[in-house]
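K.L.:
Below you'll find the structure I mean.
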Amino acid sequence: MDLAVIVVIQVLYAVASLVIISAGLAVIFGMMKVINLAHGEFMMLGAYSVIGAIKLGINLWVAMLLVAPVAVGLIGVVLERLIIRRLYGRMVDTMLATWGLSLLLVGIVTSIAGNTTAGVSAPLGSFSVGAYSVSGYTLVIIAVAVVLALAIRWVLLRTPWGLIARGTMQKPDMANALGISPSRVYSVTFAVGAALSGLAGGLLAPLTGVVPTMGAAFVAKAFITVIGGGPAILAGLVGASALFGAINQLATFVTTPVFGEVALLVAAIVMLRLLPQGITGRFFKGSL
Amino acid sequence: MDRRSFIKTSGAALAGTTAPLFPLTALAADEMLIGSIHDLSGGLDIYGKPMADCMTLAIEEQNAAGGLLGKQLKLATYDPQSNMQLYAQFAQQAALKDKAAVVMGGITSASREVIRPVLDRNKTLYFYNTQYEGGVCDRNTFCTGVTPAQTVAKLVPYAMKKWGKKVYVVAADYNYGQITSQWVKKFVQENGGSIASIDFFPLDVTNFGPTISKIEAAKPDMIVSALVGGAHISFYRQWAAAGLTKKIPLASTTFAGGNEHIVLSAAETDGFLISYNYFQNLDTPENKAFKERFYKRFGKDYPNITELAMGTYQGFKLWAEGVKKAGSLDRMKVIAALESGISVNGPSGKVTLDPETHHCVLNVSIAEVKNQQLNIVETFLQQKPTDTSAVCNLKKNPNDNQQYVIKA
């Protein structure tokens, strides 16, 4: 019984961490069709901003939930102006440009912060479920993922900015004719996507070692989740995270983390063969 | 353009671009080159940087004392960036291009097994100075690090006496972790204990959540960890986050080799037991003098002089003794000199090269981590490398060239 509770918590945690890792990419790739291969590096920048903020004495929660997204969001604005702006509509070119960008960011951060693994301790202690103990931080991740998904849904559906963003992504010339500046909308949306990636990196800083190359471990999973999700941003994100996260964690429980990753990849291959458009290509069509 | 101008311009371009590739630093006649291959970046840099620093100090000290055989020593440092391919490439480069007198390097056992055959083929002397799983039997290679018969054989019974008989092993998933966990199993069973399970993790795994739940389900009395590298530090973090540092004690064959006890907090590491040849707070006059020289060279806030760094320093000192005794840099003469029973008084105590195994007889201590310090609890003097000497005798079989592995 206790073991069942633990398994459920761990599965929810895996799903939640996939949601958090992929949210930023869902916005940038799903909405703007920019293949952002520097997604992992945005996360890395978020993690490093948390480390830097803690060195300056800022509270851990403020650093993770405020400093990380804001810092990476600002960096996103700058990068969008300099690089991404020229590449809308050119998918393959965005791949090359963001790949170069990721190498550049890794190099810059390595020169500034060095290559040694840094990190912070996970806040909150643990609590017991019967004979097992679970880290309190696991529940924080689950809670943040839920809040994040609801917030994205609320912003996109119920606020004017969400409407403007969705409209501009679908028909930029029409939005232009209605007096909305598409370039400004792109800028802000990219910044929001970068901020979400930074938030993910900040939240994961206590769990993984923070090195300049940490982003590489997350890029593949984020892309698999977003592409497996399909055209609908939020429903696809949540659906794909649920599917892959559950398979990954259950396989890890039964065997080892290596086979857990293999199971996730095999599931992705099988799923893409059966549903080439992603999950929301077939189910939940037309939802957000 | 016509053919003549094409040939002219391409010839000029070729010369211009390849000229920088030719070694600008040619060795002067009164210099000898020492190759150092240690990871200075990537997940293994926590081990490699202190080792490279100790190499630098050792070479500078030797040069200040007049060099070796009248020649000054020059250090060629290579950084394989925790990447095995670069290890092979740099080993070859050190042997063929630099014609190094000796190569000291390799951190993980995987990297050692990449370098060893390359240097064998190219007849360049090789010193492997990292603590490892034992068993290397190769006339061209000298291993100055501690092996399981010296450390694990003492650590496991001590920990079992303190904590209990049921042991859960977590290890890095490559040759070191797999062989060392077999040694742990052997010593646990010899001391009347039982192994709950042995789990392996590739070097880049950071998600240990399910494993931690599995460990709890097994209810062991203690954990033995042979985890390696920067990514595996997150095991200790997640272990502490789950509140288990206080419930299930931990002993490790690799912890603190990369100063993990400083990267992690005291609450996450108090009570861990480790066993090595060298600890910074060893109370010997050589150690005090060494620390003075080290801090003078690298600054007082150098985090901690690790066991691996000291292994490198002592390895260099042994080689220098061998060269002095041989009176020449010729490889076979130096090997013969090193096999004649060389000793140095290192900061960790007396270190003697065993002629039959090319391993070292040295002091071993067990320490407990407390408040980010390593406090020595017991010392064993002059431990022999019995695991390797049980299977390897280079006097009888000088052409032996393999690593012996404990049968599972």
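By order of appearance in the structure tokens: chains A, B, ..., then residues from 1 within every chain, and ligands from 1 in the order shown.
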Distance limit 10 Å, atoms considered: only C-alpha atoms. Which chain B residues sit that close to chain A? Return them as a PyMOL selection string.
P.N.:
chain B and resi 40-46+49+81+199-202+204-217+219+229-244+260+263-265+267-268
K.L.:
Got a sec: who's within 8 Å of Asn399 in chain B, counting only C-alpha atoms, leaving out chain neighbours fewer than 3 positions off, as number ranges by chain?
P.N.:
B: 138-139, 394
K.L.:
Residues as selected, C-alpha atoms, written as an mmCIF file, in the first residue's frame, can you do that?
P.N.:
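Listed below is the output, part_16.cif:
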data_model
loop_
_atom_site.group_PDB
_atom_site.id
_atom_site.type_symbol
_atom_site.label_atom_id
_atom_site.label_comp_id
_atom_site.auth_asym_id
_atom_site.auth_seq_id
_atom_site.Cartn_x
_atom_site.Cartn_y
_atom_site.Cartn_z
ATOM 1 C CA ASP B 138 51.506 -4.769 -17.201
ATOM 2 C CA ARG B 139 55.272 -4.254 -17.197
ATOM 3 C CA LEU B 394 55.713 -9.671 -13.334
#
K.L.:
List as a PyMOL selection string the protein and nucleic acid residues near range 363-367 of chain B, meaning an atom at most 7 Å away when only C-alpha atoms are counted, but skip any in the same chain fewer than 2 places from it.
P.N.:
chain B and resi 150-151+155+273-277+348-349+369+374-383
K.L.:
Using C-alpha atoms, can you write the selected residues to a file as an mmCIF file, in the first residue's frame?
P.N.:
data_model
loop_
_atom_site.group_PDB
_atom_site.id
_atom_site.type_symbol
_atom_site.label_atom_id
_atom_site.label_comp_id
_atom_site.auth_asym_id
_atom_site.auth_seq_id
_atom_site.Cartn_x
_atom_site.Cartn_y
_atom_site.Cartn_z
ATOM 1 C CA GLN B 150 43.977 -2.064 0.806
ATOM 2 C CA THR B 151 40.923 0.142 1.323
ATOM 3 C CA LEU B 155 36.375 -0.153 5.184
ATOM 4 C CA LEU B 273 32.829 6.630 5.997
ATOM 5 C CA ILE B 274 35.603 6.589 3.423
ATOM 6 C CA SER B 275 39.020 4.994 3.171
ATOM 7 C CA TYR B 276 42.059 6.270 1.318
ATOM 8 C CA ASN B 277 45.811 6.456 1.475
ATOM 9 C CA SER B 348 51.027 10.089 3.369
ATOM 10 C CA GLY B 349 53.933 8.109 4.795
ATOM 11 C CA VAL B 369 32.956 12.978 7.177
ATOM 12 C CA LEU B 374 37.467 14.327 6.912
ATOM 13 C CA ASN B 375 38.352 13.045 10.387
ATOM 14 C CA ILE B 376 40.642 10.023 10.472
ATOM 15 C CA VAL B 377 39.326 7.260 12.732
ATOM 16 C CA GLU B 378 41.804 4.456 12.123
ATOM 17 C CA THR B 379 45.078 3.979 10.274
ATOM 18 C CA PHE B 380 46.642 0.799 8.946
ATOM 19 C CA LEU B 381 50.313 0.972 8.112
ATOM 20 C CA GLN B 382 52.029 -0.367 5.014
ATOM 21 C CA GLN B 383 49.227 -2.318 3.396
#
K.L.:
If I take CA of Val266 in chain A and CA of Gln178 in chain B, how far is one from the other in Å, to one decimal?
P.N.:
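For CA of Val266 in chain A relative to CA of Gln178 in chain B, the distance reads 26.9 Å.
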K.L.:
Step one, run DSSP on the backbone; step two, keep only residues of range 31-132 of chain A assigned to alpha helix (DSSP H); then write them as a PDB file with N, CA and C atoms, in the first residue's frame.
P.N.:
ATOM      1  N   MET A  32       5.454  29.289 -32.120  1.00  0.00           N
ATOM      2  CA  MET A  32       6.167  30.141 -33.064  1.00  0.00           C
ATOM      3  C   MET A  32       6.875  29.346 -34.151  1.00  0.00           C
ATOM      4  N   HIS A  39      17.260  25.260 -26.224  1.00  0.00           N
ATOM      5  CA  HIS A  39      16.322  25.159 -25.109  1.00  0.00           C
ATOM      6  C   HIS A  39      17.034  24.700 -23.839  1.00  0.00           C
ATOM      7  N   GLY A  40      17.887  23.672 -23.991  1.00  0.00           N
ATOM      8  CA  GLY A  40      18.625  23.180 -22.826  1.00  0.00           C
ATOM      9  C   GLY A  40      19.492  24.259 -22.222  1.00  0.00           C
ATOM     10  N   GLU A  41      20.057  25.094 -23.079  1.00  0.00           N
ATOM     11  CA  GLU A  41      20.946  26.151 -22.578  1.00  0.00           C
ATOM     12  C   GLU A  41      20.157  27.237 -21.869  1.00  0.00           C
ATOM     13  N   PHE A  42      18.911  27.504 -22.313  1.00  0.00           N
ATOM     14  CA  PHE A  42      18.077  28.443 -21.551  1.00  0.00           C
ATOM     15  C   PHE A  42      17.863  27.902 -20.142  1.00  0.00           C
ATOM     16  N   MET A  43      17.603  26.593 -20.061  1.00  0.00           N
ATOM     17  CA  MET A  43      17.424  25.995 -18.743  1.00  0.00           C
ATOM     18  C   MET A  43      18.691  26.146 -17.904  1.00  0.00           C
ATOM     19  N   MET A  44      19.813  25.918 -18.563  1.00  0.00           N
ATOM     20  CA  MET A  44      21.086  26.039 -17.858  1.00  0.00           C
ATOM     21  C   MET A  44      21.286  27.460 -17.357  1.00  0.00           C
ATOM     22  N   LEU A  45      20.908  28.446 -18.167  1.00  0.00           N
ATOM     23  CA  LEU A  45      21.036  29.833 -17.720  1.00  0.00           C
ATOM     24  C   LEU A  45      20.140  30.095 -16.520  1.00  0.00           C
ATOM     25  N   GLY A  46      18.924  29.511 -16.544  1.00  0.00           N
ATOM     26  CA  GLY A  46      18.047  29.664 -15.391  1.00  0.00           C
ATOM     27  C   GLY A  46      18.678  29.079 -14.138  1.00  0.00           C
ATOM     28  N   ALA A  47      19.274  27.880 -14.274  1.00  0.00           N
ATOM     29  CA  ALA A  47      19.903  27.244 -13.109  1.00  0.00           C
ATOM     30  C   ALA A  47      21.056  28.096 -12.600  1.00  0.00           C
ATOM     31  N   TYR A  48      21.894  28.602 -13.502  1.00  0.00           N
ATOM     32  CA  TYR A  48      23.018  29.428 -13.071  1.00  0.00           C
ATOM     33  C   TYR A  48      22.560  30.737 -12.448  1.00  0.00           C
ATOM     34  N   SER A  49      21.427  31.297 -12.952  1.00  0.00           N
ATOM     35  CA  SER A  49      20.962  32.538 -12.335  1.00  0.00           C
ATOM     36  C   SER A  49      20.501  32.270 -10.912  1.00  0.00           C
ATOM     37  N   VAL A  50      19.945  31.075 -10.662  1.00  0.00           N
ATOM     38  CA  VAL A  50      19.575  30.734  -9.289  1.00  0.00           C
ATOM     39  C   VAL A  50      20.815  30.650  -8.420  1.00  0.00           C
ATOM     40  N   ILE A  51      21.857  29.987  -8.923  1.00  0.00           N
ATOM     41  CA  ILE A  51      23.097  29.857  -8.157  1.00  0.00           C
ATOM     42  C   ILE A  51      23.678  31.239  -7.868  1.00  0.00           C
ATOM     43  N   GLY A  52      23.693  32.092  -8.916  1.00  0.00           N
ATOM     44  CA  GLY A  52      24.226  33.439  -8.719  1.00  0.00           C
ATOM     45  C   GLY A  52      23.399  34.230  -7.730  1.00  0.00           C
ATOM     46  N   ALA A  53      22.060  34.094  -7.830  1.00  0.00           N
ATOM     47  CA  ALA A  53      21.203  34.849  -6.921  1.00  0.00           C
ATOM     48  C   ALA A  53      21.414  34.404  -5.481  1.00  0.00           C
ATOM     49  N   ILE A  54      21.609  33.102  -5.290  1.00  0.00           N
ATOM     50  CA  ILE A  54      21.821  32.609  -3.923  1.00  0.00           C
ATOM     51  C   ILE A  54      23.125  33.148  -3.373  1.00  0.00           C
ATOM     52  N   LYS A  55      24.151  33.234  -4.241  1.00  0.00           N
ATOM     53  CA  LYS A  55      25.424  33.792  -3.768  1.00  0.00           C
ATOM     54  C   LYS A  55      25.239  35.230  -3.321  1.00  0.00           C
ATOM     55  N   LEU A  60      16.003  31.361  -1.685  1.00  0.00           N
ATOM     56  CA  LEU A  60      15.994  30.327  -2.733  1.00  0.00           C
ATOM     57  C   LEU A  60      14.714  30.373  -3.542  1.00  0.00           C
ATOM     58  N   TRP A  61      13.556  30.510  -2.875  1.00  0.00           N
ATOM     59  CA  TRP A  61      12.293  30.475  -3.606  1.00  0.00           C
ATOM     60  C   TRP A  61      12.164  31.663  -4.544  1.00  0.00           C
ATOM     61  N   VAL A  62      12.543  32.852  -4.034  1.00  0.00           N
ATOM     62  CA  VAL A  62      12.516  34.038  -4.892  1.00  0.00           C
ATOM     63  C   VAL A  62      13.433  33.827  -6.080  1.00  0.00           C
ATOM     64  N   ALA A  68      15.073  33.550 -11.876  1.00  0.00           N
ATOM     65  CA  ALA A  68      15.415  32.700 -13.029  1.00  0.00           C
ATOM     66  C   ALA A  68      14.571  33.049 -14.248  1.00  0.00           C
ATOM     67  N   PRO A  69      13.219  33.015 -14.156  1.00  0.00           N
ATOM     68  CA  PRO A  69      12.442  33.336 -15.359  1.00  0.00           C
ATOM     69  C   PRO A  69      12.699  34.751 -15.865  1.00  0.00           C
ATOM     70  N   VAL A  70      12.786  35.721 -14.952  1.00  0.00           N
ATOM     71  CA  VAL A  70      12.975  37.101 -15.413  1.00  0.00           C
ATOM     72  C   VAL A  70      14.310  37.244 -16.126  1.00  0.00           C
ATOM     73  N   ALA A  71      15.366  36.676 -15.535  1.00  0.00           N
ATOM     74  CA  ALA A  71      16.689  36.821 -16.148  1.00  0.00           C
ATOM     75  C   ALA A  71      16.721  36.186 -17.534  1.00  0.00           C
ATOM     76  N   VAL A  72      16.222  34.946 -17.618  1.00  0.00           N
ATOM     77  CA  VAL A  72      16.290  34.274 -18.919  1.00  0.00           C
ATOM     78  C   VAL A  72      15.314  34.918 -19.897  1.00  0.00           C
ATOM     79  N   GLY A  73      14.180  35.441 -19.392  1.00  0.00           N
ATOM     80  CA  GLY A  73      13.258  36.140 -20.275  1.00  0.00           C
ATOM     81  C   GLY A  73      13.913  37.346 -20.930  1.00  0.00           C
ATOM     82  N   LEU A  74      14.671  38.106 -20.129  1.00  0.00           N
ATOM     83  CA  LEU A  74      15.366  39.262 -20.691  1.00  0.00           C
ATOM     84  C   LEU A  74      16.391  38.829 -21.726  1.00  0.00           C
ATOM     85  N   ILE A  75      17.134  37.758 -21.400  1.00  0.00           N
ATOM     86  CA  ILE A  75      18.094  37.237 -22.379  1.00  0.00           C
ATOM     87  C   ILE A  75      17.361  36.813 -23.645  1.00  0.00           C
ATOM     88  N   GLY A  76      16.161  36.220 -23.458  1.00  0.00           N
ATOM     89  CA  GLY A  76      15.365  35.818 -24.616  1.00  0.00           C
ATOM     90  C   GLY A  76      14.995  37.003 -25.484  1.00  0.00           C
ATOM     91  N   VAL A  77      14.625  38.115 -24.865  1.00  0.00           N
ATOM     92  CA  VAL A  77      14.276  39.313 -25.648  1.00  0.00           C
ATOM     93  C   VAL A  77      15.459  39.731 -26.510  1.00  0.00           C
ATOM     94  N   VAL A  78      16.636  39.773 -25.882  1.00  0.00           N
ATOM     95  CA  VAL A  78      17.832  40.202 -26.621  1.00  0.00           C
ATOM     96  C   VAL A  78      18.119  39.255 -27.778  1.00  0.00           C
ATOM     97  N   LEU A  79      18.056  37.937 -27.495  1.00  0.00           N
ATOM     98  CA  LEU A  79      18.383  36.962 -28.539  1.00  0.00           C
ATOM     99  C   LEU A  79      17.364  37.011 -29.666  1.00  0.00           C
ATOM    100  N   GLU A  80      16.105  37.265 -29.296  1.00  0.00           N
ATOM    101  CA  GLU A  80      15.078  37.315 -30.330  1.00  0.00           C
ATOM    102  C   GLU A  80      15.349  38.473 -31.273  1.00  0.00           C
ATOM    103  N   ARG A  81      15.694  39.620 -30.702  1.00  0.00           N
ATOM    104  CA  ARG A  81      15.997  40.778 -31.539  1.00  0.00           C
ATOM    105  C   ARG A  81      17.165  40.520 -32.460  1.00  0.00           C
ATOM    106  N   LEU A  82      18.219  39.886 -31.878  1.00  0.00           N
ATOM    107  CA  LEU A  82      19.461  39.762 -32.638  1.00  0.00           C
ATOM    108  C   LEU A  82      19.402  38.636 -33.654  1.00  0.00           C
ATOM    109  N   MET A  91      12.317  27.152 -40.973  1.00  0.00           N
ATOM    110  CA  MET A  91      12.491  26.195 -39.872  1.00  0.00           C
ATOM    111  C   MET A  91      13.887  25.627 -39.812  1.00  0.00           C
ATOM    112  N   VAL A  92      14.414  25.220 -40.949  1.00  0.00           N
ATOM    113  CA  VAL A  92      15.725  24.557 -40.927  1.00  0.00           C
ATOM    114  C   VAL A  92      16.806  25.545 -40.513  1.00  0.00           C
ATOM    115  N   ASP A  93      16.635  26.801 -40.959  1.00  0.00           N
ATOM    116  CA  ASP A  93      17.637  27.801 -40.575  1.00  0.00           C
ATOM    117  C   ASP A  93      17.609  28.065 -39.081  1.00  0.00           C
ATOM    118  N   THR A  94      16.390  28.022 -38.481  1.00  0.00           N
ATOM    119  CA  THR A  94      16.349  28.237 -37.038  1.00  0.00           C
ATOM    120  C   THR A  94      17.085  27.123 -36.312  1.00  0.00           C
ATOM    121  N   MET A  95      17.026  25.901 -36.869  1.00  0.00           N
ATOM    122  CA  MET A  95      17.754  24.790 -36.254  1.00  0.00           C
ATOM    123  C   MET A  95      19.233  25.106 -36.200  1.00  0.00           C
ATOM    124  N   LEU A  96      19.795  25.519 -37.332  1.00  0.00           N
ATOM    125  CA  LEU A  96      21.221  25.795 -37.392  1.00  0.00           C
ATOM    126  C   LEU A  96      21.586  26.955 -36.467  1.00  0.00           C
ATOM    127  N   ALA A  97      20.783  28.018 -36.545  1.00  0.00           N
ATOM    128  CA  ALA A  97      21.110  29.209 -35.756  1.00  0.00           C
ATOM    129  C   ALA A  97      21.041  28.900 -34.262  1.00  0.00           C
ATOM    130  N   THR A  98      19.997  28.196 -33.819  1.00  0.00           N
ATOM    131  CA  THR A  98      19.891  27.934 -32.394  1.00  0.00           C
ATOM    132  C   THR A  98      20.917  26.902 -31.943  1.00  0.00           C
ATOM    133  N   TRP A  99      21.344  26.004 -32.826  1.00  0.00           N
ATOM    134  CA  TRP A  99      22.429  25.086 -32.466  1.00  0.00           C
ATOM    135  C   TRP A  99      23.706  25.874 -32.191  1.00  0.00           C
ATOM    136  N   GLY A 100      24.015  26.804 -33.113  1.00  0.00           N
ATOM    137  CA  GLY A 100      25.186  27.643 -32.868  1.00  0.00           C
ATOM    138  C   GLY A 100      25.027  28.448 -31.600  1.00  0.00           C
ATOM    139  N   LEU A 101      23.796  28.935 -31.372  1.00  0.00           N
ATOM    140  CA  LEU A 101      23.541  29.698 -30.160  1.00  0.00           C
ATOM    141  C   LEU A 101      23.798  28.865 -28.909  1.00  0.00           C
ATOM    142  N   SER A 102      23.385  27.592 -28.963  1.00  0.00           N
ATOM    143  CA  SER A 102      23.586  26.756 -27.770  1.00  0.00           C
ATOM    144  C   SER A 102      25.073  26.562 -27.496  1.00  0.00           C
ATOM    145  N   LEU A 103      25.866  26.329 -28.560  1.00  0.00           N
ATOM    146  CA  LEU A 103      27.311  26.180 -28.355  1.00  0.00           C
ATOM    147  C   LEU A 103      27.899  27.459 -27.784  1.00  0.00           C
ATOM    148  N   LEU A 104      27.417  28.608 -28.314  1.00  0.00           N
ATOM    149  CA  LEU A 104      27.932  29.892 -27.835  1.00  0.00           C
ATOM    150  C   LEU A 104      27.615  30.076 -26.355  1.00  0.00           C
ATOM    151  N   LEU A 105      26.367  29.775 -25.972  1.00  0.00           N
ATOM    152  CA  LEU A 105      25.980  29.970 -24.577  1.00  0.00           C
ATOM    153  C   LEU A 105      26.786  29.067 -23.657  1.00  0.00           C
ATOM    154  N   VAL A 106      26.979  27.809 -24.078  1.00  0.00           N
ATOM    155  CA  VAL A 106      27.778  26.897 -23.240  1.00  0.00           C
ATOM    156  C   VAL A 106      29.178  27.453 -23.064  1.00  0.00           C
ATOM    157  N   GLY A 107      29.758  27.938 -24.170  1.00  0.00           N
ATOM    158  CA  GLY A 107      31.116  28.473 -24.086  1.00  0.00           C
ATOM    159  C   GLY A 107      31.186  29.692 -23.186  1.00  0.00           C
ATOM    160  N   ILE A 108      30.222  30.598 -23.324  1.00  0.00           N
ATOM    161  CA  ILE A 108      30.242  31.821 -22.511  1.00  0.00           C
ATOM    162  C   ILE A 108      30.122  31.467 -21.035  1.00  0.00           C
ATOM    163  N   VAL A 109      29.167  30.607 -20.720  1.00  0.00           N
ATOM    164  CA  VAL A 109      28.966  30.277 -19.311  1.00  0.00           C
ATOM    165  C   VAL A 109      30.176  29.539 -18.748  1.00  0.00           C
ATOM    166  N   THR A 110      30.797  28.671 -19.568  1.00  0.00           N
ATOM    167  CA  THR A 110      31.993  27.970 -19.095  1.00  0.00           C
ATOM    168  C   THR A 110      33.106  28.953 -18.791  1.00  0.00           C
ATOM    169  N   SER A 111      33.270  29.978 -19.656  1.00  0.00           N
ATOM    170  CA  SER A 111      34.334  30.932 -19.386  1.00  0.00           C
ATOM    171  C   SER A 111      34.037  31.734 -18.131  1.00  0.00           C
ATOM    172  N   ILE A 112      32.761  32.023 -17.871  1.00  0.00           N
ATOM    173  CA  ILE A 112      32.450  32.848 -16.703  1.00  0.00           C
ATOM    174  C   ILE A 112      32.438  32.001 -15.440  1.00  0.00           C
ATOM    175  N   ALA A 113      31.724  30.888 -15.491  1.00  0.00           N
ATOM    176  CA  ALA A 113      31.473  30.165 -14.249  1.00  0.00           C
ATOM    177  C   ALA A 113      32.355  28.951 -14.069  1.00  0.00           C
TER     178      ALA A 113
END
K.L.:
DSSP on the backbone: which residues in range 162-252 of chain B end up as strand (DSSP E)? Give the answer as a list in words.
P.N.:
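Matching residues, listed in order: Lys166, Val167, Tyr168, Val169, Val170, Ala171, Ala172, Ser194, Ile195, Ala196, Ser197, Ile198, Asp199, Phe200, Phe201, Met222, Ile223, Val224, Ser225, Ala226, Leu250, Ala251 and Ser252 of chain B.
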